[in-house]
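What follows is a single structure, written as structure tokens, with notes after it.
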There are 2 protein chains.
Amino acid sequence: MAKQKKQPRPKALPPKGFRDYFGAEVEDRTAMLRKIAEVYHRYGFDALETSAVETVEALGKFLPDVDRPNEGVFAWEEDKDWLALRYDLTAPLARVYAQYRNDLPTPYRRYAMGPVWRNEKPGPGRFRQFYQCDADTVGSGSVAADAEICAMLADTLEAVGIPRGDYVIRVNNRKVLNGVMEVAGLSGDDKEAERGIVLRAIDKLDRLGTDGVRALLGDGRKDDSGDFTKGAGLNDEQAEVVMGFMDAKRDTGVATVARLRELVGGSTIGADGVAELEMIAGLLDAQGYTSDRIEIDPSVVRGLGYYTGPVYEAELTFEIEDEKGRPQRFGSVAGGGRYDDLVKRFTGQQVPATGVSIGVDRLLAALRAKGRIKSTEVGPVVVTVMDRDRMADYQAMVAELRNAGIRAEVYLGNPKSFGNQLKYADKRNSPAAVIVGSDEMEKGVVQIKDLILGAEIAKNATLEEWKDRPSQYEVPRDQMVAKLREILNGQG
Amino acid sequence: MAKQKKQPRPKALPPKGFRDYFGAEVEDRTAMLRKIAEVYHRYGFDALETSAVETVEALGKFLPDVDRPNEGVFAWEEDKDWLALRYDLTAPLARVYAQYRNDLPTPYRRYAMGPVWRNEKPGPGRFRQFYQCDADTVGSGSVAADAEICAMLADTLEAVGIPRGDYVIRVNNRKVLNGVMEVAGLSGDDKEAERGIVLRAIDKLDRLGTDGVRALLGDGRKDDSGDFTKGAGLNDEQAEVVMGFMDAKRDTGVATVARLRELVGGSTIGADGVAELEMIAGLLDAQGYTSDRIEIDPSVVRGLGYYTGPVYEAELTFEIEDEKGRPQRFGSVAGGGRYDDLVKRFTGQQVPATGVSIGVDRLLAALRAKGRIKSTEVGPVVVTVMDRDRMADYQAMVAELRNAGIRAEVYLGNPKSFGNQLKYADKRNSPAAVIVGSDEMEKGVVQIKDLILGAEIAKNATLEEWKDRPSQYEVPRDQMVAKLREILNGQG
């Protein structure tokens, strides 16, 4: 056996579950993050950027999907400390607030945006690194803070291009659910497991339907693949109370609140929750956020275990076609709620907090699906190289274009084949090419080829039209910028 | 011994060497990245965002600081693969270009911005996560590509607020250095170690001075702490050739080129390098980038081993005061060069490439040191809560302000103490507070307190001035927005 075998070449692939983003994908996301940050900022939220790496101990174990035990974080040992990539932006916020609580204003409104990492099994459209964009208010127990975040979420969705009527923000309150559980005989520390199963069952209403949820409230549910999920073991009477809760939405907020008040009966926490929902609705109404934008919906519970009060979720209500051409609602793009215990882990003192997380990549996908973001980017004007010795002249031309604010570049590949240069311009989606050979230099002119118009003519036009609508123009050198501006404006 | 001891509370700290960024620190960086991206984009560069995580095999070992063997990457094993956080943006680019080479245009101009991670010993101002902002042209062997990047770097520095005259971009060529080494008898595979020592010695000229470098070319150098660094072992004659190279800069580019041509003597590679430098200078001159902005400087070599041709570096030439009040040059904020072998690792085929990396955090620090970025952010207008039951009214007021584009918020802490509300506004650096109690509600007016003016008056004014210049105004409710605009504009 040859021991000195040559090292094999490394594979040119990202790790499993990771991907690359090119051109417009990156720029559209940056633009969207900027729009979101503008709204957050106008609401008085301050930016915070924590590092991607935290100690495992500071992060804690608050991963959303407790149903899938294999999922977790990317972690490693470093100088006897265990470090990990953050899995959300809330856990680092809790650490920061605990660390700087004497210096930060209280309440502390902060926004954060950036990638988070999940050590999950990757799947189609499911990546191990994705963007979140959060806003949280730490240190205020007032439901006015929750109402404010719901209002801000509505403003944010409209700011990024989701028109009113194409989204709805649903609000509920964990305390109401806890009241309902109390009525159903599910209170007490020994029933924590059951309550968890009920919570996650309700959270899956969209996907499993009423029958599926009902099965999970009882003995359990077998899915299409034959896998069995153990249920909460509720008897019929108990299950009916919970099912009634999910079904408590009425035509108006007032009617829904009245129905919930019935359901929570004598439960103090339940009554508290209903009162909070009523206050939130009142505050939002006063600011003009009526139920066409933000509504009370008892079927919203959010999967996360750590929520303690109001929870909210933004759903896009328009339909898109799935891969088989069937119409489908786009679904949830943001969610959050009140969590009053995360900072307590560090300090021992309860600090009330509430916040929202926007799934930026999903929101971008929605805007693309609706055609509200163009997915191809217009490339630069390409100055072709007809004469290699005149590179300095071409560079001077391209500098002139850039100084005029026109995206432009000189062809820097091998200029031997002019066809390759035009193919390159095509691949770049260039709007125009500038062509200057020795003849043009002598005459003091440039040739400008309108590549978009040219492509259209080549596709559709008759010979007569071709003659009438030239796609190539000869203009004096000093009119190059003006002519290109004219062409670019015409294409816009 | 108690085995069931309660878990200790987690420490509220980031891992060693990592830090958090607040408010203006984040927003200033975002604004700077946007300005840089605009220039890069105008030059025809396309955005690329790779994931933070790569396989160790794809990253390879191209860490800049070979002198410090303990430095490296953050890496961990995952499903039998070794994964790592990227340590720069060039290694992922090489992987991406190799992976997508059939789909990408050639040449491929791409820019990338984002954090990178180094598993280095942290120190003052030295963090394990920091931002880079790169632009590279892959697939062009033309020095026009190098010249373009130097021109773009000049435009970028001016775009972010470094005026002409406050920076210089220095260009050199590794081939010239290789030619000089050849003349000094340091060519050949068996002299690789010596060449490496020479390279890194020259790179430290700024820090060690001529004597220090000279020592490293010879037997070695003992530093102030007594640590000894082994030298390249050059004899006097050899060392003089190298020292002459570092000292080859003349008053004009033409004179420097002439001097370099002398130094490389009969070396083919050296002559090639000189010719390339001459071409770069010619191309830049033609675009108006004269030696007040971009100059040939043989003392620039860049520490990285992988450069194969032109190298360049941007230095800020203005002075700032160090911690002891001594004037000091700010130094290098960006650098790069041509590397023709990085893609070859994956494909076996040489792909010429050249690119620059801007140290965004250093550049921000420079702008702050020069007072060109204000480091405190103006906070939101704070609507105080005088009457807890009127929260809906306060929310409606704040909504009106936000809709008018004014950053504003309701105080969401405990409203019991009005003093606490004003302290909060002060901590937020709020420009104004709005005060509305029952009296104001009845009269249909609002009180507006100019907090900046108020603070100034409190500090400086006599009683007479205080009376003449009120810092609190009562205006009708429907003039709230107009009055606040007036105050905010006056403060600007």
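Identifiers in this document derive from the order of the structure tokens: chains are assigned A, B, ..., residues are numbered from 1 separately in each chain, and ligands are numbered from 1 in order of occurrence.
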With only C-alpha atoms counted and 7 Å as the cut-off, give the residues of chain A in contact with chain B, each with its shortest interatomic distance in Å and the pair that gives it, as JSON lines.
{"residue": "A:Arg9", "atom": "CA", "partner": "B:Phe346", "partner_atom": "CA", "distance": 5.5}
{"residue": "A:Pro10", "atom": "CA", "partner": "B:Phe346", "partner_atom": "CA", "distance": 5.6}
{"residue": "A:Lys11", "atom": "CA", "partner": "B:Phe346", "partner_atom": "CA", "distance": 6.5}
{"residue": "A:Ala12", "atom": "CA", "partner": "B:Gln99", "partner_atom": "CA", "distance": 5.0}
{"residue": "A:Leu13", "atom": "CA", "partner": "B:Gln99", "partner_atom": "CA", "distance": 6.4}
{"residue": "A:Pro14", "atom": "CA", "partner": "B:Glu54", "partner_atom": "CA", "distance": 5.7}
{"residue": "A:Pro15", "atom": "CA", "partner": "B:Thr55", "partner_atom": "CA", "distance": 5.7}
{"residue": "A:Phe18", "atom": "CA", "partner": "B:Ser51", "partner_atom": "CA", "distance": 6.4}
{"residue": "A:Arg19", "atom": "CA", "partner": "B:Ser51", "partner_atom": "CA", "distance": 6.4}
{"residue": "A:Asp20", "atom": "CA", "partner": "B:Thr50", "partner_atom": "CA", "distance": 4.5}
{"residue": "A:Tyr21", "atom": "CA", "partner": "B:Glu49", "partner_atom": "CA", "distance": 5.0}
{"residue": "A:Phe22", "atom": "CA", "partner": "B:Leu48", "partner_atom": "CA", "distance": 4.7}
{"residue": "A:Gly23", "atom": "CA", "partner": "B:Ala47", "partner_atom": "CA", "distance": 4.4}
{"residue": "A:Val26", "atom": "CA", "partner": "B:Ala47", "partner_atom": "CA", "distance": 6.2}
{"residue": "A:Glu27", "atom": "CA", "partner": "B:Ala47", "partner_atom": "CA", "distance": 6.9}
{"residue": "A:His41", "atom": "CA", "partner": "B:Arg407", "partner_atom": "CA", "distance": 7.0}
{"residue": "A:Arg42", "atom": "CA", "partner": "B:Arg407", "partner_atom": "CA", "distance": 4.1}
{"residue": "A:Tyr43", "atom": "CA", "partner": "B:Ala408", "partner_atom": "CA", "distance": 5.8}
{"residue": "A:Gly44", "atom": "CA", "partner": "B:Pro380", "partner_atom": "CA", "distance": 5.4}
{"residue": "A:Asp46", "atom": "CA", "partner": "B:Gly23", "partner_atom": "CA", "distance": 5.1}
{"residue": "A:Ala47", "atom": "CA", "partner": "B:Gly23", "partner_atom": "CA", "distance": 4.4}
{"residue": "A:Leu48", "atom": "CA", "partner": "B:Phe22", "partner_atom": "CA", "distance": 4.7}
{"residue": "A:Glu49", "atom": "CA", "partner": "B:Tyr21", "partner_atom": "CA", "distance": 5.0}
{"residue": "A:Thr50", "atom": "CA", "partner": "B:Asp20", "partner_atom": "CA", "distance": 4.5}
{"residue": "A:Ser51", "atom": "CA", "partner": "B:Asp20", "partner_atom": "CA", "distance": 6.4}
{"residue": "A:Glu54", "atom": "CA", "partner": "B:Pro14", "partner_atom": "CA", "distance": 5.6}
{"residue": "A:Thr55", "atom": "CA", "partner": "B:Pro15", "partner_atom": "CA", "distance": 5.7}
{"residue": "A:Glu57", "atom": "CA", "partner": "B:Pro10", "partner_atom": "CA", "distance": 5.7}
{"residue": "A:Ala58", "atom": "CA", "partner": "B:Pro10", "partner_atom": "CA", "distance": 5.6}
{"residue": "A:Trp76", "atom": "CA", "partner": "B:Trp76", "partner_atom": "CA", "distance": 5.7}
{"residue": "A:Arg95", "atom": "CA", "partner": "B:Ala12", "partner_atom": "CA", "distance": 5.1}
{"residue": "A:Val96", "atom": "CA", "partner": "B:Ala12", "partner_atom": "CA", "distance": 6.9}
{"residue": "A:Ala98", "atom": "CA", "partner": "B:Ala12", "partner_atom": "CA", "distance": 6.0}
{"residue": "A:Gln99", "atom": "CA", "partner": "B:Ala12", "partner_atom": "CA", "distance": 5.0}
{"residue": "A:Pro105", "atom": "CA", "partner": "B:Lys427", "partner_atom": "CA", "distance": 6.1}
{"residue": "A:Thr106", "atom": "CA", "partner": "B:Gly413", "partner_atom": "CA", "distance": 6.8}
{"residue": "A:Pro107", "atom": "CA", "partner": "B:Gly413", "partner_atom": "CA", "distance": 5.7}
{"residue": "A:Ser140", "atom": "CA", "partner": "B:Gly413", "partner_atom": "CA", "distance": 5.4}
{"residue": "A:Ser142", "atom": "CA", "partner": "B:Leu412", "partner_atom": "CA", "distance": 6.7}
{"residue": "A:Ala145", "atom": "CA", "partner": "B:Leu412", "partner_atom": "CA", "distance": 6.6}
{"residue": "A:Leu283", "atom": "CA", "partner": "B:Ala392", "partner_atom": "CA", "distance": 4.8}
{"residue": "A:Ala286", "atom": "CA", "partner": "B:Ala392", "partner_atom": "CA", "distance": 5.7}
{"residue": "A:Gln287", "atom": "CA", "partner": "B:Ala396", "partner_atom": "CA", "distance": 4.7}
{"residue": "A:Arg345", "atom": "CA", "partner": "B:Arg9", "partner_atom": "CA", "distance": 6.3}
{"residue": "A:Phe346", "atom": "CA", "partner": "B:Arg9", "partner_atom": "CA", "distance": 5.5}
{"residue": "A:Pro380", "atom": "CA", "partner": "B:Gly44", "partner_atom": "CA", "distance": 5.4}
{"residue": "A:Ala392", "atom": "CA", "partner": "B:Leu283", "partner_atom": "CA", "distance": 4.8}
{"residue": "A:Gln395", "atom": "CA", "partner": "B:Gln287", "partner_atom": "CA", "distance": 6.5}
{"residue": "A:Ala396", "atom": "CA", "partner": "B:Gln287", "partner_atom": "CA", "distance": 4.7}
{"residue": "A:Ala399", "atom": "CA", "partner": "B:Gln287", "partner_atom": "CA", "distance": 6.4}
{"residue": "A:Arg402", "atom": "CA", "partner": "B:Arg42", "partner_atom": "CA", "distance": 6.3}
{"residue": "A:Ile406", "atom": "CA", "partner": "B:Arg42", "partner_atom": "CA", "distance": 6.7}
{"residue": "A:Arg407", "atom": "CA", "partner": "B:Arg42", "partner_atom": "CA", "distance": 4.1}
{"residue": "A:Ala408", "atom": "CA", "partner": "B:Gly44", "partner_atom": "CA", "distance": 5.7}
{"residue": "A:Glu409", "atom": "CA", "partner": "B:Gly44", "partner_atom": "CA", "distance": 5.6}
{"residue": "A:Leu412", "atom": "CA", "partner": "B:Ser140", "partner_atom": "CA", "distance": 5.9}
{"residue": "A:Gly413", "atom": "CA", "partner": "B:Ser140", "partner_atom": "CA", "distance": 5.4}
{"residue": "A:Tyr424", "atom": "CA", "partner": "B:Pro105", "partner_atom": "CA", "distance": 6.2}
{"residue": "A:Lys427", "atom": "CA", "partner": "B:Pro105", "partner_atom": "CA", "distance": 6.2}
{"residue": "A:Arg428", "atom": "CA", "partner": "B:Pro105", "partner_atom": "CA", "distance": 6.8}
Report as a ChimeraX atom specification: the residues of region 119-315 of chain B with a DSSP assignment of strand (DSSP E), based on the backbone of this structure.
-> /B:129-138,167-173,220-222,228-230,294-296,310-315
Any chance you could export the current selection's N, CA and C atoms as a short mmCIF file (atom, residue, chain, number, x, y, z; two decimals), in the first residue's frame?
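Printed below is result_27.cif as written:
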data_model
loop_
_atom_site.label_atom_id
_atom_site.label_comp_id
_atom_site.auth_asym_id
_atom_site.auth_seq_id
_atom_site.Cartn_x
_atom_site.Cartn_y
_atom_site.Cartn_z
N GLN B 129 -14.32 37.67 16.51
CA GLN B 129 -15.27 37.82 15.40
C GLN B 129 -15.16 39.26 14.94
N PHE B 130 -14.97 39.46 13.63
CA PHE B 130 -14.91 40.83 13.11
C PHE B 130 -15.38 40.82 11.67
N TYR B 131 -15.68 42.02 11.17
CA TYR B 131 -16.25 42.13 9.83
C TYR B 131 -15.18 42.28 8.76
N GLN B 132 -15.43 41.65 7.63
CA GLN B 132 -14.64 41.94 6.44
C GLN B 132 -15.58 42.31 5.30
N CYS B 133 -15.04 43.00 4.34
CA CYS B 133 -15.84 43.46 3.22
C CYS B 133 -14.95 43.36 1.99
N ASP B 134 -15.18 42.34 1.19
CA ASP B 134 -14.25 41.97 0.12
C ASP B 134 -14.82 42.20 -1.27
N ALA B 135 -13.94 42.44 -2.22
CA ALA B 135 -14.31 42.40 -3.63
C ALA B 135 -13.20 41.68 -4.38
N ASP B 136 -13.58 40.73 -5.23
CA ASP B 136 -12.59 39.94 -5.96
C ASP B 136 -13.03 39.75 -7.40
N THR B 137 -12.07 39.67 -8.28
CA THR B 137 -12.34 39.32 -9.67
C THR B 137 -11.67 37.98 -9.95
N VAL B 138 -12.48 36.97 -10.22
CA VAL B 138 -11.96 35.63 -10.46
C VAL B 138 -12.02 35.32 -11.94
N TYR B 167 -5.69 59.47 2.64
CA TYR B 167 -5.36 58.06 2.44
C TYR B 167 -4.39 57.92 1.27
N VAL B 168 -3.70 56.80 1.23
CA VAL B 168 -2.92 56.49 0.04
C VAL B 168 -3.00 54.98 -0.18
N ILE B 169 -3.11 54.59 -1.43
CA ILE B 169 -3.12 53.17 -1.76
C ILE B 169 -1.77 52.83 -2.37
N ARG B 170 -1.10 51.87 -1.75
CA ARG B 170 0.25 51.51 -2.19
C ARG B 170 0.20 50.20 -2.94
N VAL B 171 0.88 50.18 -4.06
CA VAL B 171 0.86 49.00 -4.92
C VAL B 171 2.28 48.47 -5.08
N ASN B 172 2.40 47.17 -5.04
CA ASN B 172 3.69 46.54 -5.32
C ASN B 172 3.41 45.25 -6.09
N ASN B 173 4.43 44.46 -6.31
CA ASN B 173 4.23 43.22 -7.06
C ASN B 173 5.15 42.14 -6.49
N GLY B 220 18.79 36.76 13.16
CA GLY B 220 17.54 36.77 13.89
C GLY B 220 17.46 37.98 14.78
N ARG B 221 16.38 38.08 15.54
CA ARG B 221 16.13 39.29 16.30
C ARG B 221 15.57 38.95 17.67
N LYS B 222 16.13 39.62 18.67
CA LYS B 222 15.60 39.48 20.02
C LYS B 222 14.69 40.67 20.30
N PHE B 228 13.41 35.45 21.12
CA PHE B 228 14.25 35.46 19.93
C PHE B 228 13.48 34.89 18.74
N THR B 229 13.48 35.65 17.62
CA THR B 229 12.90 35.14 16.38
C THR B 229 14.03 34.82 15.43
N LYS B 230 14.05 33.58 14.95
CA LYS B 230 15.11 33.15 14.05
C LYS B 230 15.05 33.90 12.73
N ILE B 294 -2.88 56.77 -5.49
CA ILE B 294 -2.39 55.40 -5.63
C ILE B 294 -0.93 55.49 -6.09
N GLU B 295 -0.03 54.89 -5.34
CA GLU B 295 1.39 55.00 -5.71
C GLU B 295 2.09 53.64 -5.62
N ILE B 296 3.17 53.53 -6.36
CA ILE B 296 3.98 52.31 -6.30
C ILE B 296 4.91 52.41 -5.09
N PRO B 310 0.52 41.32 -8.28
CA PRO B 310 0.31 42.62 -7.64
C PRO B 310 -0.26 42.48 -6.23
N VAL B 311 0.24 43.28 -5.31
CA VAL B 311 -0.35 43.39 -3.97
C VAL B 311 -0.61 44.87 -3.70
N TYR B 312 -1.63 45.14 -2.88
CA TYR B 312 -1.97 46.54 -2.63
C TYR B 312 -2.50 46.70 -1.22
N GLU B 313 -2.41 47.91 -0.73
CA GLU B 313 -2.74 48.17 0.66
C GLU B 313 -3.20 49.62 0.75
N ALA B 314 -4.28 49.86 1.53
CA ALA B 314 -4.73 51.24 1.74
C ALA B 314 -4.33 51.68 3.12
N GLU B 315 -3.64 52.81 3.19
CA GLU B 315 -3.25 53.33 4.49
C GLU B 315 -3.88 54.69 4.72
#
Taking the DSSP assignment computed from this structure's backbone, write out as a PyMOL selection string all residues of region 192-350 of chain A that belong to alpha helix (DSSP H).
-> chain A and resi 192-203+205-217+236-246+253-264+268-286+344-347
Of the candidates B:Pro163, B:Pro352, B:Gly444, B:Gly419, which shows the shortest atom-to-atom distance to Tyr307 (chain B), using only C-alpha atoms?
-> B:Pro352
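The shortest atom-to-atom distance to Ala334 (chain A), with only C-alpha atoms taken into account, belongs to A:Leu157 out of A:Leu157, A:Gln479, A:Lys374, A:Met113.
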